[in-house]
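The structure file structure22.pdb is reproduced below (PDB, C-alpha atoms).
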```
ATOM      1  CA  MET A  30       0.000   0.000   0.000
ATOM      2  CA  ALA A  31       1.337   3.432  -0.976
ATOM      3  CA  ARG A  32       2.358   5.725   1.841
ATOM      4  CA  THR A  33       0.813   9.163   2.271
ATOM      5  CA  ARG A  34       2.985  12.236   1.880
ATOM      6  CA  ILE A  35       3.125  12.660   5.683
ATOM      7  CA  GLN A  36       4.122   9.020   6.190
ATOM      8  CA  GLN A  37       6.840   9.378   3.571
ATOM      9  CA  LYS A  38       8.103  12.586   5.197
ATOM     10  CA  ASN A  39       8.149  10.958   8.641
ATOM     11  CA  SER A  40      10.045   7.925   7.313
ATOM     12  CA  GLU A  41      12.633  10.222   5.728
ATOM     13  CA  THR A  42      12.928  12.205   8.988
ATOM     14  CA  ILE A  43      13.567   8.986  10.925
ATOM     15  CA  LEU A  44      16.162   7.778   8.436
ATOM     16  CA  ASP A  45      17.959  11.124   8.455
ATOM     17  CA  ALA A  46      18.011  11.156  12.272
ATOM     18  CA  ALA A  47      19.190   7.545  12.347
ATOM     19  CA  LEU A  48      21.983   8.382   9.922
ATOM     20  CA  ASP A  49      23.254  11.020  12.366
ATOM     21  CA  VAL A  50      23.070   8.622  15.294
ATOM     22  CA  PHE A  51      24.513   5.556  13.556
ATOM     23  CA  SER A  52      27.355   7.450  11.877
ATOM     24  CA  ALA A  53      28.325   8.975  15.242
ATOM     25  CA  SER A  54      27.773   5.990  17.566
ATOM     26  CA  GLY A  55      27.841   2.933  15.322
ATOM     27  CA  PHE A  56      25.092   0.328  15.292
ATOM     28  CA  ARG A  57      25.850  -1.034  18.760
ATOM     29  CA  GLY A  58      26.070   2.373  20.396
ATOM     30  CA  ALA A  59      22.880   3.732  18.842
ATOM     31  CA  THR A  60      19.493   3.379  20.535
ATOM     32  CA  LEU A  61      15.930   3.844  19.354
ATOM     33  CA  ASP A  62      15.493   6.486  22.055
ATOM     34  CA  GLN A  63      18.379   8.505  20.591
ATOM     35  CA  ILE A  64      17.000   8.200  17.071
ATOM     36  CA  ALA A  65      13.503   9.228  18.207
ATOM     37  CA  GLU A  66      14.913  12.239  20.063
ATOM     38  CA  VAL A  67      16.927  13.440  17.053
ATOM     39  CA  ALA A  68      13.893  12.861  14.803
ATOM     40  CA  GLY A  69      11.716  14.916  17.183
ATOM     41  CA  MET A  70       9.131  12.200  17.717
ATOM     42  CA  SER A  71       8.141   9.663  20.332
ATOM     43  CA  LYS A  72       9.587   6.165  20.334
ATOM     44  CA  PRO A  73       6.133   4.557  19.797
ATOM     45  CA  ASN A  74       5.603   6.834  16.788
ATOM     46  CA  LEU A  75       8.994   5.820  15.404
ATOM     47  CA  LEU A  76       8.125   2.141  15.872
ATOM     48  CA  TYR A  77       4.985   2.672  13.779
ATOM     49  CA  TYR A  78       7.284   3.259  10.792
ATOM     50  CA  PHE A  79      10.132   0.864  11.571
ATOM     51  CA  ALA A  80       9.781  -2.265  13.675
ATOM     52  CA  SER A  81      13.300  -2.175  15.124
ATOM     53  CA  LYS A  82      16.693  -0.513  15.174
ATOM     54  CA  GLU A  83      17.843  -3.266  12.797
ATOM     55  CA  ALA A  84      15.114  -2.369  10.293
ATOM     56  CA  ILE A  85      16.172   1.290  10.253
ATOM     57  CA  HIS A  86      19.839   0.369   9.914
ATOM     58  CA  LEU A  87      19.176  -2.026   7.049
ATOM     59  CA  ALA A  88      17.030   0.536   5.204
ATOM     60  CA  LEU A  89      19.880   3.040   5.410
ATOM     61  CA  LEU A  90      22.481   0.529   4.275
ATOM     62  CA  ASN A  91      20.393  -0.577   1.305
ATOM     63  CA  GLN A  92      19.917   3.051   0.200
ATOM     64  CA  LEU A  93      23.628   3.669   0.590
ATOM     65  CA  LEU A  94      24.687   0.598  -1.350
ATOM     66  CA  ASP A  95      22.703   1.779  -4.364
ATOM     67  CA  THR A  96      24.212   5.275  -4.157
ATOM     68  CA  TRP A  97      27.658   3.791  -3.667
ATOM     69  CA  LEU A  98      27.475   1.371  -6.605
ATOM     70  CA  ASP A  99      25.701   3.580  -9.170
ATOM     71  CA  PRO A 100      28.902   5.286 -10.424
ATOM     72  CA  LEU A 101      30.571   1.906 -10.967
ATOM     73  CA  ARG A 102      27.493   0.664 -12.815
ATOM     74  CA  ALA A 103      27.741   3.746 -15.044
ATOM     75  CA  MET A 104      31.282   2.910 -16.235
ATOM     76  CA  ASP A 105      30.704   2.357 -19.970
ATOM     77  CA  PRO A 106      32.598  -0.572 -21.573
ATOM     78  CA  ASN A 107      32.326   1.246 -24.921
ATOM     79  CA  GLY A 108      33.633   4.540 -23.609
ATOM     80  CA  GLU A 109      37.189   5.879 -23.701
ATOM     81  CA  PRO A 110      38.901   3.916 -20.883
ATOM     82  CA  LEU A 111      40.831   6.700 -19.171
ATOM     83  CA  ALA A 112      37.855   9.063 -19.332
ATOM     84  CA  GLU A 113      35.546   6.386 -17.885
ATOM     85  CA  ILE A 114      37.910   5.596 -15.001
ATOM     86  CA  MET A 115      38.617   9.251 -14.201
ATOM     87  CA  GLY A 116      34.877   9.962 -14.308
ATOM     88  CA  TYR A 117      34.325   7.147 -11.828
ATOM     89  CA  ILE A 118      37.023   8.526  -9.505
ATOM     90  CA  ARG A 119      35.523  12.036  -9.612
ATOM     91  CA  LYS A 120      32.034  10.676  -8.881
ATOM     92  CA  LYS A 121      33.320   8.616  -5.939
ATOM     93  CA  LEU A 122      35.033  11.708  -4.541
ATOM     94  CA  GLU A 123      31.787  13.690  -4.947
ATOM     95  CA  ILE A 124      29.933  10.996  -3.001
ATOM     96  CA  SER A 125      32.513  11.262  -0.204
ATOM     97  CA  ARG A 126      32.009  15.029  -0.161
ATOM     98  CA  ASP A 127      28.208  14.973  -0.372
ATOM     99  CA  TYR A 128      27.440  11.851   1.702
ATOM    100  CA  PRO A 129      30.046  11.677   4.486
ATOM    101  CA  ARG A 130      27.642  10.276   7.092
ATOM    102  CA  GLU A 131      26.588   7.505   4.726
ATOM    103  CA  SER A 132      30.191   6.623   3.980
ATOM    104  CA  ARG A 133      31.010   6.379   7.693
ATOM    105  CA  LEU A 134      27.898   4.270   8.267
ATOM    106  CA  PHE A 135      29.070   1.815   5.610
ATOM    107  CA  ALA A 136      32.626   1.816   6.980
ATOM    108  CA  ASN A 137      31.308   1.037  10.471
ATOM    109  CA  GLU A 138      29.256  -1.836   9.086
ATOM    110  CA  ILE A 139      32.317  -3.314   7.361
ATOM    111  CA  LEU A 140      34.512  -2.857  10.456
ATOM    112  CA  GLN A 141      31.935  -4.834  12.452
ATOM    113  CA  GLY A 142      32.185  -7.731   9.991
ATOM    114  CA  ALA A 143      29.208  -6.676   7.820
ATOM    115  CA  PRO A 144      26.566  -8.422   9.986
ATOM    116  CA  HIS A 145      23.682  -6.744   8.145
ATOM    117  CA  MET A 146      25.177  -6.422   4.663
ATOM    118  CA  ARG A 147      27.192  -9.574   4.100
ATOM    119  CA  VAL A 148      24.655 -11.114   1.705
ATOM    120  CA  ALA A 149      24.470  -7.938  -0.416
ATOM    121  CA  ILE A 150      28.251  -7.572  -0.438
ATOM    122  CA  GLU A 151      28.805 -11.203  -1.423
ATOM    123  CA  SER A 152      26.117 -11.053  -4.132
ATOM    124  CA  ASP A 153      25.292  -7.640  -5.669
ATOM    125  CA  LEU A 154      28.554  -5.865  -4.904
ATOM    126  CA  LYS A 155      30.788  -8.799  -5.822
ATOM    127  CA  ALA A 156      28.893  -9.442  -9.064
ATOM    128  CA  LEU A 157      29.259  -5.815 -10.131
ATOM    129  CA  VAL A 158      32.970  -5.696  -9.276
ATOM    130  CA  ASP A 159      33.538  -8.955 -11.186
ATOM    131  CA  LYS A 160      31.698  -7.532 -14.202
ATOM    132  CA  LYS A 161      33.688  -4.271 -14.202
ATOM    133  CA  ALA A 162      36.962  -6.142 -13.628
ATOM    134  CA  ILE A 163      36.310  -7.912 -16.943
ATOM    135  CA  VAL A 164      35.860  -4.498 -18.615
ATOM    136  CA  LEU A 165      39.094  -3.199 -17.094
ATOM    137  CA  GLN A 166      40.932  -6.359 -18.108
ATOM    138  CA  ALA A 167      39.706  -5.987 -21.702
ATOM    139  CA  TRP A 168      40.989  -2.406 -21.809
ATOM    140  CA  MET A 169      44.334  -3.632 -20.455
ATOM    141  CA  ASP A 170      44.521  -6.500 -22.959
ATOM    142  CA  ALA A 171      43.878  -3.978 -25.762
ATOM    143  CA  GLY A 172      46.776  -1.833 -24.508
ATOM    144  CA  LYS A 173      44.508   1.097 -23.692
ATOM    145  CA  ILE A 174      45.517   1.312 -20.007
ATOM    146  CA  THR A 175      48.395  -0.075 -17.951
ATOM    147  CA  ARG A 176      48.145  -3.734 -17.024
ATOM    148  CA  LEU A 177      47.258  -3.959 -13.311
ATOM    149  CA  PRO A 178      45.178  -6.329 -11.157
ATOM    150  CA  PRO A 179      41.695  -4.964 -12.011
ATOM    151  CA  VAL A 180      40.027  -5.650  -8.657
ATOM    152  CA  HIS A 181      42.901  -4.056  -6.768
ATOM    153  CA  LEU A 182      42.602  -1.020  -9.028
ATOM    154  CA  ILE A 183      38.955  -0.725  -7.929
ATOM    155  CA  PHE A 184      39.983  -1.198  -4.279
ATOM    156  CA  SER A 185      42.541   1.604  -4.611
ATOM    157  CA  ILE A 186      39.897   3.954  -6.019
ATOM    158  CA  TRP A 187      37.607   3.169  -3.097
ATOM    159  CA  ALA A 188      40.383   3.681  -0.564
ATOM    160  CA  LEU A 189      41.664   6.941  -2.033
ATOM    161  CA  THR A 190      38.240   8.541  -2.392
ATOM    162  CA  GLN A 191      36.353   7.320   0.686
ATOM    163  CA  HIS A 192      39.267   8.294   2.926
ATOM    164  CA  TYR A 193      38.138  11.912   2.630
ATOM    165  CA  ALA A 194      34.750  11.073   4.159
ATOM    166  CA  ASP A 195      35.724   8.397   6.664
ATOM    167  CA  PHE A 196      38.721  10.356   8.017
ATOM    168  CA  ASP A 197      37.304  13.838   7.483
ATOM    169  CA  VAL A 198      38.347  15.159  10.911
ATOM    170  CA  GLN A 199      41.925  13.976  10.427
ATOM    171  CA  VAL A 200      42.130  15.307   6.866
ATOM    172  CA  ARG A 201      40.884  18.769   7.849
ATOM    173  CA  ALA A 202      43.077  18.903  10.968
ATOM    174  CA  VAL A 203      46.209  18.121   8.963
ATOM    175  CA  LEU A 204      45.425  20.399   6.007
ATOM    176  CA  GLY A 205      44.208  23.308   8.104
ATOM    177  CA  PRO A 206      41.232  25.635   7.655
ATOM    178  CA  ASP A 207      42.444  27.321   4.455
ATOM    179  CA  HIS A 208      42.337  24.166   2.330
ATOM    180  CA  ASP A 209      39.438  22.577   0.490
ATOM    181  CA  PRO A 210      40.317  18.886   0.785
ATOM    182  CA  PHE A 211      38.073  17.813  -2.068
ATOM    183  CA  THR A 212      39.344  20.291  -4.657
ATOM    184  CA  GLU A 213      42.926  19.407  -3.775
ATOM    185  CA  ALA A 214      42.131  15.677  -3.720
ATOM    186  CA  GLU A 215      40.522  15.787  -7.156
ATOM    187  CA  ALA A 216      43.578  17.471  -8.676
ATOM    188  CA  PHE A 217      45.930  15.037  -6.941
ATOM    189  CA  LEU A 218      43.976  11.912  -7.901
ATOM    190  CA  GLU A 219      43.720  13.105 -11.506
ATOM    191  CA  VAL A 220      47.523  13.245 -11.756
ATOM    192  CA  LEU A 221      48.072  10.047  -9.780
ATOM    193  CA  PHE A 222      45.714   7.842 -11.762
ATOM    194  CA  ARG A 223      46.527   9.312 -15.169
ATOM    195  CA  ARG A 224      50.195   8.600 -14.620
ATOM    196  CA  LEU A 225      49.414   5.156 -13.276
ATOM    197  CA  LEU A 226      47.045   4.178 -16.074
ATOM    198  CA  LEU A 227      48.597   5.665 -19.203
ATOM    199  CA  PRO A 228      50.348   2.782 -20.964
TER
END
```
Before we go any further, please render this structure as structure tokens.
Amino acid sequence: MARTRIQQKNSETILDAALDVFSASGFRGATLDQIAEVAGMSKPNLLYYFASKEAIHLALLNQLLDTWLDPLRAMDPNGEPLAEIMGYIRKKLEISRDYPRESRLFANEILQGAPHMRVAIESDLKALVDKKAIVLQAWMDAGKITRLPPVHLIFSIWALTQHYADFDVQVRAVLGPDHDPFTEAEAFLEVLFRRLLLP
């Protein structure tokens, strides 16, 4: 049954509040009382929309996984290889800039052993990475980019882009207040990966 506009708005308010709480406290440290307080509603009202803390957490993770994987899905096998890879890196960096709480939520889930996302990681995520690794390997075999282990190339892109969300406090403390970490990171990663990938 379709939700009313108010029900949809309340669900989004709960998820946004939960994102704050989970990204700050992790799944184990978060409570329904905290989420309800941040959402500005009673706990019984919250439980009308989501049956448990686990249900809220899983809804957030599923939303995030789609956001996180969309740029990799968009990598076009028929496109110009370096342009496709650099476009993917820029999009991943934008996601780190625009969705830092979501990135930290996902990182916390992985650090806990992925208790709520293991099935999705071992199925959807793995299948997509395997598919794109074949694309990267074909570009390498054609001499269009440097020959590297394709999956580890993807891992390095994840590590070098998500770092700016997951370690935001450290990055900003080290760079100081006069630096825009994302502008500088984009310029740096452009040079790094172009030099790495040009055959």
- Message: Show me, as a PyMOL selection string, the residues that have an atom within 12 Å of stretch 144-152 of chain A when counting all atoms listed in the file, minus same-chain residues fewer than 3 positions from it.
- Response: chain A and resi 56-57+82-95+97-98+134-141+155-159
Written selection (C-alpha atoms) as a PDB file, in the frame of the given file:
```
ATOM      1  CA  PHE A  56      25.092   0.328  15.292  1.00  0.00           C
ATOM      2  CA  ARG A  57      25.850  -1.034  18.760  1.00  0.00           C
ATOM      3  CA  LYS A  82      16.693  -0.513  15.174  1.00  0.00           C
ATOM      4  CA  GLU A  83      17.843  -3.266  12.797  1.00  0.00           C
ATOM      5  CA  ALA A  84      15.114  -2.369  10.293  1.00  0.00           C
ATOM      6  CA  ILE A  85      16.172   1.290  10.253  1.00  0.00           C
ATOM      7  CA  HIS A  86      19.839   0.369   9.914  1.00  0.00           C
ATOM      8  CA  LEU A  87      19.176  -2.026   7.049  1.00  0.00           C
ATOM      9  CA  ALA A  88      17.030   0.536   5.204  1.00  0.00           C
ATOM     10  CA  LEU A  89      19.880   3.040   5.410  1.00  0.00           C
ATOM     11  CA  LEU A  90      22.481   0.529   4.275  1.00  0.00           C
ATOM     12  CA  ASN A  91      20.393  -0.577   1.305  1.00  0.00           C
ATOM     13  CA  GLN A  92      19.917   3.051   0.200  1.00  0.00           C
ATOM     14  CA  LEU A  93      23.628   3.669   0.590  1.00  0.00           C
ATOM     15  CA  LEU A  94      24.687   0.598  -1.350  1.00  0.00           C
ATOM     16  CA  ASP A  95      22.703   1.779  -4.364  1.00  0.00           C
ATOM     17  CA  TRP A  97      27.658   3.791  -3.667  1.00  0.00           C
ATOM     18  CA  LEU A  98      27.475   1.371  -6.605  1.00  0.00           C
ATOM     19  CA  LEU A 134      27.898   4.270   8.267  1.00  0.00           C
ATOM     20  CA  PHE A 135      29.070   1.815   5.610  1.00  0.00           C
ATOM     21  CA  ALA A 136      32.626   1.816   6.980  1.00  0.00           C
ATOM     22  CA  ASN A 137      31.308   1.037  10.471  1.00  0.00           C
ATOM     23  CA  GLU A 138      29.256  -1.836   9.086  1.00  0.00           C
ATOM     24  CA  ILE A 139      32.317  -3.314   7.361  1.00  0.00           C
ATOM     25  CA  LEU A 140      34.512  -2.857  10.456  1.00  0.00           C
ATOM     26  CA  GLN A 141      31.935  -4.834  12.452  1.00  0.00           C
ATOM     27  CA  LYS A 155      30.788  -8.799  -5.822  1.00  0.00           C
ATOM     28  CA  ALA A 156      28.893  -9.442  -9.064  1.00  0.00           C
ATOM     29  CA  LEU A 157      29.259  -5.815 -10.131  1.00  0.00           C
ATOM     30  CA  VAL A 158      32.970  -5.696  -9.276  1.00  0.00           C
ATOM     31  CA  ASP A 159      33.538  -8.955 -11.186  1.00  0.00           C
TER      32      ASP A 159
END
```
- Message: At a cut-off of 10 Å, using all atoms listed in the file, what residues contact A:Ile186? Leave out same-chain residues fewer than 2 positions from it and give the result as a PyMOL selection string.
- Response: chain A and resi 114-115+117-119+121-122+180-184+188-192+218+222
- Between atom CA of A:Gly55 and atom CA of A:Ile43, distance in Å (one decimal): 16.1 Å
- Task: Step by step, work through what the PyMOL selection byres ((chain A and resi 201-214) around 10) selects in the shown file, and finish by giving those residues as a ChimeraX atom specification.
- Result: /A:119,122-123,125-126,189-190,193-194,196-200,215-220
- Task: Determine the nearest neighbour of A:Tyr78 from the options A:Ala171, A:Ile124, A:Ala112, A:Ala65, counting all atoms listed in the file.
- Result: A:Ala65
- What separation in Å, quoted to one decimal, exists between atom CA of A:Arg176 and atom CA of A:Arg102?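 Separation of atom CA of A:Arg176 and atom CA of A:Arg102: 21.5 Å.
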- Item | Residues matched by the PyMOL selection byres ((chain A and resi 164) around 10), written as a ChimeraX atom specification | /A:104-107,110,158-163,165-170,179
- So what do you get for atom CA of A:Gly58 versus atom CA of A:Tyr77, distance-wise?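 Between atom CA of A:Gly58 and atom CA of A:Tyr77 the gap is 22.1 Å.
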- Message: as a ChimeraX atom specification, please: the residues near A:Leu226 (cut-off 6 Å, all atoms listed in the file, same-chain neighbours under 2 positions excluded).
- Response: /A:174-175,222-224
Keeping only C-alpha atoms, write the selected residues as a compact mmCIF listing (two decimals), in the coordinates of the input.
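Printed below is part-v3.txt as written:
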```txt
# COMPACT_ATOMS: atom_id res chain seq x y z
CA ILE A 174 45.52 1.31 -20.01
CA THR A 175 48.40 -0.08 -17.95
CA PHE A 222 45.71 7.84 -11.76
CA ARG A 223 46.53 9.31 -15.17
CA ARG A 224 50.20 8.60 -14.62
```
Convert the output of the PyMOL selection byres ((chain A and resi 67-73) around 10) on the shown file into explicit residues, formatted as a compact mmCIF listing (two decimals) with C-alpha atoms, keeping the file's coordinate frame.
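Saved to part.txt:
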```
# COMPACT_ATOMS: atom_id res chain seq x y z
CA ASN A 39 8.15 10.96 8.64
CA SER A 40 10.04 7.92 7.31
CA GLU A 41 12.63 10.22 5.73
CA THR A 42 12.93 12.20 8.99
CA ILE A 43 13.57 8.99 10.92
CA LEU A 44 16.16 7.78 8.44
CA ASP A 45 17.96 11.12 8.46
CA ALA A 46 18.01 11.16 12.27
CA ALA A 47 19.19 7.54 12.35
CA ASP A 49 23.25 11.02 12.37
CA VAL A 50 23.07 8.62 15.29
CA LEU A 61 15.93 3.84 19.35
CA ASP A 62 15.49 6.49 22.06
CA GLN A 63 18.38 8.51 20.59
CA ILE A 64 17.00 8.20 17.07
CA ALA A 65 13.50 9.23 18.21
CA GLU A 66 14.91 12.24 20.06
CA ASN A 74 5.60 6.83 16.79
CA LEU A 75 8.99 5.82 15.40
CA LEU A 76 8.12 2.14 15.87
CA TYR A 77 4.99 2.67 13.78
CA TYR A 78 7.28 3.26 10.79
CA PHE A 79 10.13 0.86 11.57
CA ALA A 80 9.78 -2.26 13.68
```
Given 4 Å of margin on each side, can you work out the centre and size in Å (one decimal) of an axis-aligned box holding every listed atom of stretch 167-180 of chain A, as lines of an AutoDock Vina configuration file?
```
center_x = 44.1
center_y = -2.6
center_z = -17.2
size_x = 16.7
size_y = 15.8
size_z = 25.1
```
- Of the residues A:Asp153, A:Trp187, A:Thr60, A:Ser54, which is the one nearest to A:Lys120, using all atoms listed in the file?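 Closest to A:Lys120 of all the choices is A:Trp187.
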